[in-house]
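So this one's coords_25.cif, mmCIF, C-alpha atoms and all ligand atoms:
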```
data_data
loop_
_atom_site.label_atom_id
_atom_site.label_comp_id
_atom_site.auth_asym_id
_atom_site.auth_seq_id
_atom_site.Cartn_x
_atom_site.Cartn_y
_atom_site.Cartn_z
CA MET A 1 -33.49 18.65 90.78
CA VAL A 2 -35.58 15.84 92.13
CA LYS A 3 -33.80 12.52 91.96
CA VAL A 4 -32.09 11.93 88.63
CA GLU A 5 -33.84 8.56 88.10
CA ARG A 6 -37.20 10.23 88.60
CA PHE A 7 -36.32 13.07 86.19
CA VAL A 8 -35.24 10.66 83.47
CA GLU A 9 -38.37 8.51 83.83
CA LYS A 10 -40.64 11.54 83.71
CA ALA A 11 -38.86 13.14 80.75
CA ILE A 12 -39.08 9.94 78.70
CA GLN A 13 -42.75 9.57 79.56
CA GLU A 14 -43.50 13.17 78.57
CA ILE A 15 -41.74 12.87 75.22
CA LYS A 16 -43.58 9.63 74.50
CA GLU A 17 -46.95 11.21 75.24
CA GLN A 18 -46.29 14.41 73.32
CA VAL A 19 -44.89 12.84 70.17
CA GLY A 20 -47.40 9.99 70.11
CA ASP A 21 -47.34 8.37 66.66
CA GLY A 22 -45.52 11.32 65.14
CA LYS A 23 -41.87 11.97 64.40
CA ALA A 24 -39.50 14.30 66.21
CA ILE A 25 -36.32 15.99 65.06
CA ILE A 26 -33.38 17.38 67.03
CA ALA A 27 -30.23 19.25 66.06
CA LEU A 28 -27.55 17.12 67.69
CA SER A 29 -24.22 18.91 68.06
CA GLY A 30 -22.55 16.52 70.48
CA GLY A 31 -22.72 19.13 73.25
CA VAL A 32 -24.03 17.95 76.60
CA ASP A 33 -27.54 19.48 76.30
CA SER A 34 -28.44 18.20 72.85
CA SER A 35 -26.81 14.82 73.57
CA VAL A 36 -28.85 14.28 76.73
CA CYS A 37 -32.05 15.28 74.91
CA ALA A 38 -31.30 12.93 72.04
CA VAL A 39 -30.73 9.96 74.35
CA LEU A 40 -33.90 10.68 76.37
CA ALA A 41 -35.92 11.08 73.18
CA TYR A 42 -34.45 7.95 71.63
CA ARG A 43 -35.44 5.98 74.71
CA ALA A 44 -38.93 7.44 74.41
CA ILE A 45 -39.61 7.07 70.68
CA GLY A 46 -36.70 5.09 69.15
CA ASP A 47 -36.37 5.51 65.39
CA LYS A 48 -39.18 8.05 65.28
CA LEU A 49 -36.49 10.44 66.51
CA ILE A 50 -34.36 12.00 63.78
CA PRO A 51 -31.17 13.45 65.24
CA VAL A 52 -29.51 15.75 62.71
CA PHE A 53 -25.83 16.54 62.82
CA VAL A 54 -24.84 19.42 60.57
CA ASP A 55 -21.15 19.41 59.72
CA THR A 56 -20.52 23.13 59.30
CA GLY A 57 -16.79 22.65 58.84
CA LEU A 58 -16.41 24.74 62.00
CA MET A 59 -16.28 21.93 64.56
CA ARG A 60 -13.25 20.86 66.57
CA ALA A 61 -10.90 18.05 65.52
CA GLY A 62 -12.65 14.68 65.47
CA GLU A 63 -16.07 16.01 66.59
CA PRO A 64 -18.13 14.94 63.57
CA GLU A 65 -16.55 11.47 63.66
CA ARG A 66 -17.21 11.08 67.40
CA VAL A 67 -20.86 12.05 66.99
CA LYS A 68 -21.18 9.34 64.32
CA GLU A 69 -19.53 6.79 66.63
CA ILE A 70 -21.45 7.67 69.78
CA PHE A 71 -24.89 8.17 68.23
CA GLY A 72 -24.57 5.86 65.24
CA TYR A 73 -27.11 3.47 66.76
CA MET A 74 -29.78 6.12 66.26
CA ASN A 75 -31.49 7.11 63.01
CA LEU A 76 -28.83 9.83 62.62
CA LYS A 77 -28.92 12.18 59.64
CA PHE A 78 -25.45 13.50 58.94
CA VAL A 79 -25.41 16.55 56.69
CA ASP A 80 -22.11 17.64 55.18
CA ALA A 81 -22.66 21.37 54.70
CA ARG A 82 -19.02 22.47 54.88
CA ASP A 83 -18.89 24.02 51.41
CA GLU A 84 -22.14 25.88 51.96
CA PHE A 85 -20.88 27.41 55.20
CA PHE A 86 -17.49 28.44 53.79
CA ASN A 87 -19.15 29.94 50.72
CA ALA A 88 -21.61 31.89 52.85
CA LEU A 89 -18.76 33.20 55.02
CA LYS A 90 -16.67 34.49 52.11
CA GLY A 91 -15.84 38.16 52.64
CA VAL A 92 -17.68 38.35 55.99
CA VAL A 93 -15.50 40.07 58.60
CA ASP A 94 -17.91 41.67 61.05
CA PRO A 95 -18.36 39.38 64.10
CA GLU A 96 -22.12 39.91 64.42
CA GLU A 97 -22.61 39.42 60.68
CA LYS A 98 -20.61 36.20 60.91
CA ARG A 99 -22.87 34.88 63.68
CA LYS A 100 -25.95 35.88 61.70
CA VAL A 101 -24.77 34.16 58.52
CA ILE A 102 -23.94 30.96 60.40
CA GLY A 103 -27.16 30.95 62.44
CA GLU A 104 -29.40 31.53 59.42
CA LEU A 105 -27.68 28.96 57.24
CA PHE A 106 -27.85 26.43 60.05
CA VAL A 107 -31.60 26.90 60.32
CA ARG A 108 -32.01 26.58 56.56
CA VAL A 109 -30.03 23.34 56.40
CA PHE A 110 -31.90 21.94 59.39
CA GLU A 111 -35.38 22.87 58.20
CA LYS A 112 -34.69 21.17 54.86
CA VAL A 113 -34.21 17.89 56.72
CA ALA A 114 -37.34 18.56 58.81
CA GLU A 115 -39.32 19.04 55.58
CA GLU A 116 -37.88 15.93 53.90
CA GLU A 117 -38.59 13.84 56.98
CA LYS A 118 -41.97 15.47 57.64
CA ALA A 119 -41.05 15.90 61.29
CA ASP A 120 -43.92 16.80 63.60
CA TYR A 121 -42.05 17.94 66.69
CA LEU A 122 -38.86 19.85 67.38
CA ILE A 123 -36.87 18.76 70.41
CA GLN A 124 -34.40 21.26 71.86
CA GLY A 125 -31.88 21.16 74.66
CA THR A 126 -32.87 24.52 76.13
CA ILE A 127 -31.85 24.70 79.81
CA TYR A 128 -33.13 26.96 82.59
CA PRO A 129 -30.36 29.63 82.36
CA ASP A 130 -31.07 29.95 78.60
CA ILE A 131 -34.67 30.84 79.39
CA ILE A 132 -33.62 33.36 82.03
CA GLU A 133 -30.98 34.95 79.76
CA SER A 134 -33.41 35.20 76.85
CA GLN A 135 -36.04 36.84 79.05
CA GLY A 136 -33.45 39.28 80.32
CA GLY A 137 -32.32 40.01 76.77
CA ILE A 138 -28.74 39.04 77.67
CA LYS A 139 -28.23 36.54 74.88
CA SER A 140 -30.43 36.05 71.90
CA HIS A 141 -28.72 33.02 70.41
CA HIS A 142 -30.52 30.38 72.43
CA ASN A 143 -33.63 30.06 70.26
CA VAL A 144 -35.79 29.39 73.30
CA GLY A 145 -39.17 28.06 72.23
CA GLY A 146 -37.94 26.95 68.81
CA PHE A 147 -35.85 27.96 65.82
CA PRO A 148 -37.02 30.85 63.65
CA THR A 149 -37.90 28.39 60.88
CA HIS A 150 -40.25 28.49 57.89
CA TYR A 151 -41.22 24.93 58.62
CA THR A 152 -44.13 24.66 61.02
CA PHE A 153 -43.85 22.11 63.78
CA LYS A 154 -46.84 20.86 65.75
CA GLY A 155 -44.87 21.66 68.86
CA VAL A 156 -41.52 22.26 70.49
CA ILE A 157 -40.37 20.00 73.30
CA GLU A 158 -37.72 21.22 75.73
CA PRO A 159 -37.11 18.40 78.22
CA LEU A 160 -34.27 20.19 80.08
CA ARG A 161 -36.05 23.52 80.53
CA GLU A 162 -35.98 23.29 84.34
CA LEU A 163 -32.38 22.12 84.76
CA TYR A 164 -29.14 23.92 85.45
CA LYS A 165 -25.98 22.89 83.62
CA ASP A 166 -24.57 20.80 86.49
CA GLU A 167 -27.88 18.92 86.66
CA VAL A 168 -27.75 18.22 82.93
CA ARG A 169 -24.24 16.82 83.45
CA GLU A 170 -25.58 14.63 86.25
CA VAL A 171 -28.28 13.27 83.93
CA ALA A 172 -25.66 12.73 81.21
CA ARG A 173 -23.58 10.57 83.57
CA TYR A 174 -26.65 8.70 84.77
CA ILE A 175 -27.80 7.78 81.26
CA GLY A 176 -24.32 6.54 80.41
CA LEU A 177 -23.01 9.21 78.05
CA PRO A 178 -19.20 9.15 77.86
CA GLU A 179 -17.16 11.57 79.94
CA GLU A 180 -16.06 13.46 76.83
CA ILE A 181 -19.70 14.59 76.58
CA SER A 182 -20.86 14.79 80.20
CA GLU A 183 -17.81 16.85 81.26
CA ARG A 184 -17.33 18.78 78.02
CA MET A 185 -16.34 22.45 78.22
CA PRO A 186 -18.62 25.04 76.66
CA PHE A 187 -18.15 25.51 72.92
CA PRO A 188 -19.81 28.39 71.06
CA GLY A 189 -22.65 27.70 68.63
CA PRO A 190 -20.86 29.36 65.67
CA GLY A 191 -17.93 27.06 66.38
CA LEU A 192 -14.36 27.84 65.37
CA ALA A 193 -15.58 30.77 63.25
CA VAL A 194 -15.53 32.99 66.37
CA ARG A 195 -11.95 31.86 67.06
CA VAL A 196 -10.72 33.26 63.75
CA LEU A 197 -10.52 37.04 63.59
CA GLY A 198 -11.54 38.50 60.25
CA GLU A 199 -12.64 36.45 57.27
CA VAL A 200 -13.21 32.74 57.90
CA THR A 201 -11.35 30.58 55.38
CA PRO A 202 -10.86 26.80 55.32
CA GLU A 203 -7.12 27.36 55.85
CA LYS A 204 -7.53 29.52 58.97
CA VAL A 205 -10.12 27.14 60.41
CA GLU A 206 -7.79 24.19 59.87
CA VAL A 207 -4.96 26.07 61.64
CA VAL A 208 -7.18 26.99 64.59
CA ARG A 209 -8.61 23.46 64.75
CA ARG A 210 -5.15 21.95 65.10
CA ALA A 211 -4.09 24.57 67.65
CA ASN A 212 -7.27 23.96 69.71
CA LYS A 213 -6.51 20.27 69.80
CA ILE A 214 -2.98 20.91 71.12
CA VAL A 215 -4.22 23.32 73.81
CA GLU A 216 -6.95 20.89 74.91
CA GLU A 217 -4.47 18.01 75.06
CA GLU A 218 -1.85 19.92 77.03
CA LEU A 219 -4.33 21.37 79.54
CA LYS A 220 -6.63 18.38 79.91
CA ASP A 221 -5.72 17.75 83.55
CA ILE A 222 -5.89 21.38 84.68
CA PRO A 223 -9.21 22.52 86.22
CA LYS A 224 -10.71 25.32 84.15
CA TRP A 225 -13.85 26.72 82.60
CA GLN A 226 -12.46 26.82 79.07
CA ALA A 227 -9.15 26.59 77.26
CA PHE A 228 -8.69 27.14 73.56
CA ALA A 229 -6.72 28.78 70.77
CA ALA A 230 -7.64 31.51 68.32
CA VAL A 231 -6.09 32.89 65.14
CA ILE A 232 -5.75 36.60 65.88
CA GLY A 233 -3.77 37.83 62.91
CA ARG A 234 -0.60 37.48 60.90
CA ALA A 235 2.98 38.39 61.60
CA THR A 236 6.46 37.93 60.23
CA GLY A 237 8.55 35.01 61.40
CA VAL A 238 11.58 32.95 60.43
CA LYS A 239 11.28 29.30 59.48
CA GLY A 240 14.50 27.59 58.44
CA ASP A 241 16.49 30.35 56.73
CA GLU A 242 13.48 32.17 55.40
CA ARG A 243 11.34 35.03 56.55
CA VAL A 244 7.72 34.00 56.35
CA TYR A 245 4.42 35.71 56.92
CA GLY A 246 2.38 33.36 59.12
CA TYR A 247 -0.40 33.26 61.68
CA ILE A 248 -0.45 34.48 65.28
CA ILE A 249 -2.16 32.09 67.67
CA SER A 250 -3.49 33.32 70.99
CA ILE A 251 -4.04 30.85 73.80
CA ARG A 252 -6.92 31.49 76.14
CA ALA A 253 -7.43 29.58 79.39
CA VAL A 254 -9.92 30.90 81.91
CA GLU A 255 -11.60 30.12 85.18
CA SER A 256 -15.22 31.19 85.58
CA ARG A 257 -18.35 30.38 87.57
CA ASP A 258 -21.01 31.31 85.06
CA ALA A 259 -19.22 32.88 82.06
CA MET A 260 -20.43 36.35 83.06
CA THR A 261 -16.96 37.11 84.40
CA ALA A 262 -13.72 35.18 83.87
CA GLU A 263 -10.17 35.19 85.14
CA PRO A 264 -7.20 33.90 83.11
CA LEU A 265 -5.35 30.92 84.56
CA ARG A 266 -1.86 31.61 85.93
CA LEU A 267 -0.37 28.86 83.84
CA ASP A 268 3.08 27.59 84.55
CA TYR A 269 5.64 29.05 82.15
CA GLU A 270 6.93 25.60 81.20
CA ILE A 271 3.43 24.49 80.19
CA LEU A 272 3.06 27.60 78.04
CA ARG A 273 6.44 26.95 76.43
CA ARG A 274 5.46 23.39 75.62
CA ILE A 275 2.22 24.53 73.99
CA MET A 276 4.11 27.20 72.01
CA ARG A 277 6.67 24.66 70.86
CA ARG A 278 4.10 22.11 69.79
CA ILE A 279 1.97 24.68 67.94
CA THR A 280 4.87 26.21 66.00
CA GLU A 281 6.40 22.82 65.20
CA GLU A 282 3.22 20.93 64.33
CA ILE A 283 1.48 23.75 62.47
CA PRO A 284 3.96 25.22 59.98
CA GLU A 285 1.65 28.12 59.12
CA VAL A 286 2.04 29.54 62.66
CA VAL A 287 4.97 31.85 63.44
CA ARG A 288 3.97 33.29 66.81
CA VAL A 289 2.10 32.18 69.94
CA VAL A 290 0.86 34.53 72.66
CA TYR A 291 -0.97 33.98 75.95
CA ASP A 292 -3.98 36.18 76.67
CA ILE A 293 -3.98 37.46 80.28
CA THR A 294 -7.09 39.64 79.98
CA PRO A 295 -9.97 38.96 82.36
CA LYS A 296 -13.65 39.34 81.44
CA PRO A 297 -14.43 42.22 81.64
CA PRO A 298 -12.97 44.07 79.78
CA ALA A 299 -12.46 41.18 77.31
CA THR A 300 -15.00 38.50 76.54
CA ILE A 301 -14.05 34.83 76.76
CA GLU A 302 -14.26 34.21 73.02
CA TYR A 303 -12.66 36.59 70.52
CA GLU A 304 -15.81 37.56 68.64
P1 LIG B 401 -18.23 35.40 75.84
O1 LIG B 401 -17.29 35.30 74.68
O2 LIG B 401 -19.45 36.22 75.53
O3 LIG B 401 -18.77 33.92 76.08
O4 LIG B 401 -17.55 35.83 77.10
C1 LIG B 401 -19.42 33.47 77.25
C2 LIG B 401 -19.60 31.98 77.14
O5 LIG B 401 -20.55 31.66 76.10
C3 LIG B 401 -19.96 30.89 75.09
N1 LIG B 401 -20.46 31.43 73.81
C4 LIG B 401 -21.48 30.90 73.12
N2 LIG B 401 -22.23 29.82 73.35
N3 LIG B 401 -23.43 30.23 71.35
C5 LIG B 401 -23.22 29.49 72.47
O6 LIG B 401 -23.92 28.49 72.64
C6 LIG B 401 -22.71 31.35 71.05
O7 LIG B 401 -22.94 32.00 70.05
C7 LIG B 401 -21.68 31.69 71.99
N4 LIG B 401 -20.78 32.70 72.05
C8 LIG B 401 -20.05 32.51 73.17
C9 LIG B 401 -18.46 31.05 75.27
O8 LIG B 401 -17.73 29.94 74.79
C10 LIG B 401 -18.34 31.24 76.75
O9 LIG B 401 -18.35 30.00 77.45
#
```

Taking this structure as input, can you express it in the form of C-alpha cells?
Amino acid sequence: MVKVERFVEKAIQEIKEQVGDGKAIIALSGGVDSSVCAVLAYRAIGDKLIPVFVDTGLMRAGEPERVKEIFGYMNLKFVDARDEFFNALKGVVDPEEKRKVIGELFVRVFEKVAEEEKADYLIQGTIYPDIIESQGGIKSHHNVGGFPTHYTFKGVIEPLRELYKDEVREVARYIGLPEEISERMPFPGPGLAVRVLGEVTPEKVEVVRRANKIVEEELKDIPKWQAFAAVIGRATGVKGDERVYGYIISIRAVESRDAMTAEPLRLDYEILRRIMRRITEEIPEVVRVVYDITPKPPATIEYE
C-alpha cells in the first residue's frame, strides 16, 4: 500500500465525489473491514452515510452494545432482528441451508432500510483477497460487487478493494479505531450459528456465546489466528447429586497464515483445565468440555 495517510485522503475524496449530494448505506458489523469503511465514509459525507447494524441474535457477547458505543456518533440505524432470525432458523439443521437462510434474511432486512432511507449508494468493505477468492470460486459469501438485493443502487463503492487484511488493520489504527476492532480475530458472517451443530436455538446460542467469551478472555494474551468455542452435541453428566443431560463444548484454538490451512495450538494443560472449569461452573447447561486437536485439513476452522 502507498502511505496510509495518502490512502485515507484518496479514499475519502473518492467517496465524496461518487456520492455527491446522495446518500450512502453500509452494513456495519463491527468487523475491521466494515468499520474502516464506515469511518472513511463518515469523514467523506457525514450524516449522509447510514451505517446499519443488524442484530441477528448471533453476535458475540457485548458486540451489539460496543457497536452502539463506538459508532453512536454516526447516523446509526440499529435493527433488532433477533426474533426474525431465530424464527427463520427453526428446524434448519443442514449447514449450507443455515448459511443460506441467514444470508438471505440479512439481505432482506438490510434492503428494507435502504428502501426506507432511499439510499443511493452501497458501500462495502470488500478487500483484495475477497475479490481473488470470488474470481477463483473458492468462497461465494463475499458478495463482491454488491448484495444480491431487489433494491437498485446507483452504484457500489468498495474503498478497500485493493488492500490486504494487514493493510486494512494499519488503516484502522491510523484512523483511530480501538484495538478491539483493528486487531480483531476473524468472525464468520453467519455468526455463532456456525458454532452450534444442528438446529440453532436461542438457548444453544446463549450457551455458545458465554463459552466464547470465556475462551477469548482466557486466551487473550496468546498469539493465534482464532480461538473460540462451539456447541457440538449433548451428553450425560453429573451436577450435584443428579445425572443431567447437558451440552458438550468444544474449544478450538488455531494458528494460521491465511485460513486455507490451520494448525491447533499446543495449549498448556493448565490453561485448558482453567477454561474447562470456568465453562462448566459458569454455564450450568454444559457437562463436558473437549479440546479439538484437528488441523485444517482434514477439518475446517469453523464447525459448519
Ligand atoms: P473455515 O471454517 O472454512 O474458515 O476453515 C476459514 C476462515 O473463514 C472464516 N469464515 C467465514 N468468514 N463468512 C465469513 O466472513 C463466512 O461465512 C465464514 N465462514 C468461515 C472462519 O472464521 C475462518 O477464519

Name all residues at most 12 Å from A:Ala299 (count all atoms listed in the file; drop same-chain ones fewer than 4 positions away) and give them as a list in words.
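In the requested form, the answer reads Arg252, Val254, Ala259, Met260, Thr261, Ala262, Glu263, Pro264, Asp292, Ile293, Thr294, Pro295, Tyr303 and Glu304 of chain A.
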
Keeping C-alpha atoms, export the residues of the selection given above as a PDB file, in the frame of the given file.
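Now in part_32.pdb:
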```
ATOM      1  CA  ARG A 252      -6.920  31.490  76.140  1.00  0.00           C
ATOM      2  CA  VAL A 254      -9.920  30.900  81.910  1.00  0.00           C
ATOM      3  CA  ALA A 259     -19.220  32.880  82.060  1.00  0.00           C
ATOM      4  CA  MET A 260     -20.430  36.350  83.060  1.00  0.00           C
ATOM      5  CA  THR A 261     -16.960  37.110  84.400  1.00  0.00           C
ATOM      6  CA  ALA A 262     -13.720  35.180  83.870  1.00  0.00           C
ATOM      7  CA  GLU A 263     -10.170  35.190  85.140  1.00  0.00           C
ATOM      8  CA  PRO A 264      -7.200  33.900  83.110  1.00  0.00           C
ATOM      9  CA  ASP A 292      -3.980  36.180  76.670  1.00  0.00           C
ATOM     10  CA  ILE A 293      -3.980  37.460  80.280  1.00  0.00           C
ATOM     11  CA  THR A 294      -7.090  39.640  79.980  1.00  0.00           C
ATOM     12  CA  PRO A 295      -9.970  38.960  82.360  1.00  0.00           C
ATOM     13  CA  TYR A 303     -12.660  36.590  70.520  1.00  0.00           C
ATOM     14  CA  GLU A 304     -15.810  37.560  68.640  1.00  0.00           C
TER      15      GLU A 304
END
```

Env of A:Tyr247: 7 Å cut, atoms = all atoms listed in the file, seq-sep filter 4 positions within chain, self excluded. Answer as a list in words.
Val231, Gly233, Arg234, Ala235, Glu285, Val286, Val287 and Arg288 of chain A

Can you tell me which residues come within 6 Å of ligand LIG 401 (chain B) when counting only C-alpha atoms and all ligand atoms, ideally as an NGL selection string?
:A and (141 or 186-190 or 259 or 300-302)

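Taking atom CA of A:Gly146 as the reference point, atom CA of A:Ile175 is found at 25.0 Å.
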
Tell me which of A:Ile249, A:Ala41, A:Leu267, A:Ile214 sits closest to A:Val19, counting all atoms listed in the file.
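Between A:Ile249, A:Ala41, A:Leu267, A:Ile214, the residue approaching A:Val19 most closely is A:Ala41.
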
So which one's closest to A:Glu17, A:Gly57, A:Glu179, A:Asp221, A:Tyr121? Using all atoms listed in the file, please.
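Between A:Gly57, A:Glu179, A:Asp221, A:Tyr121, the residue approaching A:Glu17 most closely is A:Tyr121.
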
As a check of understanding: the span from atom CA of A:Thr149 to atom CA of A:Phe110 is 8.9 Å

Rounded to one decimal in Å, what is the spacing between atom CA of A:Lys224 and atom CA of A:Val54?
28.1 Å

Can you work out which one of A:Arg257, A:Lys77, A:Arg274, A:Arg184 has the shortest atom-to-atom distance to A:Pro51, counting all atoms listed in the file?
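Comparing A:Arg257, A:Lys77, A:Arg274, A:Arg184 against A:Pro51, the winner is A:Lys77.
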
I need the residue nearest A:Asp130 from this list: A:Arg161, A:Arg173, A:Arg209, A:Lys10. Use all atoms listed in the file for the distance.
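Smallest separation from A:Asp130 among the options: A:Arg161.
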
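In this comparison, which uses all atoms listed in the file, the residue of A:Lys165, A:Lys90, A:Lys100, A:Arg43 approaching A:Tyr73 most closely is A:Arg43.
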
Protein/DNA/RNA residues near (1.5, 19.0, 64.9), cut 12 Å, only C-alpha atoms, as a PyMOL selection string:
chain A and resi 206-215+217+275-286

A:Thr236, A:Leu58, A:Glu96, A:Ala44: which is nearest A:Gln18, counting all atoms listed in the file?
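Going through A:Thr236, A:Leu58, A:Glu96, A:Ala44 one by one, the smallest distance to A:Gln18 is for A:Ala44.
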
Give as JSON, numbers by chain every residue, naming chains and numbers as the document does, that has an atom within 12 Å of (-27.0, 18.5, 83.6), counting all atoms listed in the file.
{"A": [1, 4, 7, 8, 31, 32, 33, 34, 35, 36, 37, 125, 126, 127, 128, 129, 159, 160, 161, 162, 163, 164, 165, 166, 167, 168, 169, 170, 171, 172, 173, 174, 175, 177, 181, 182, 183, 184]}
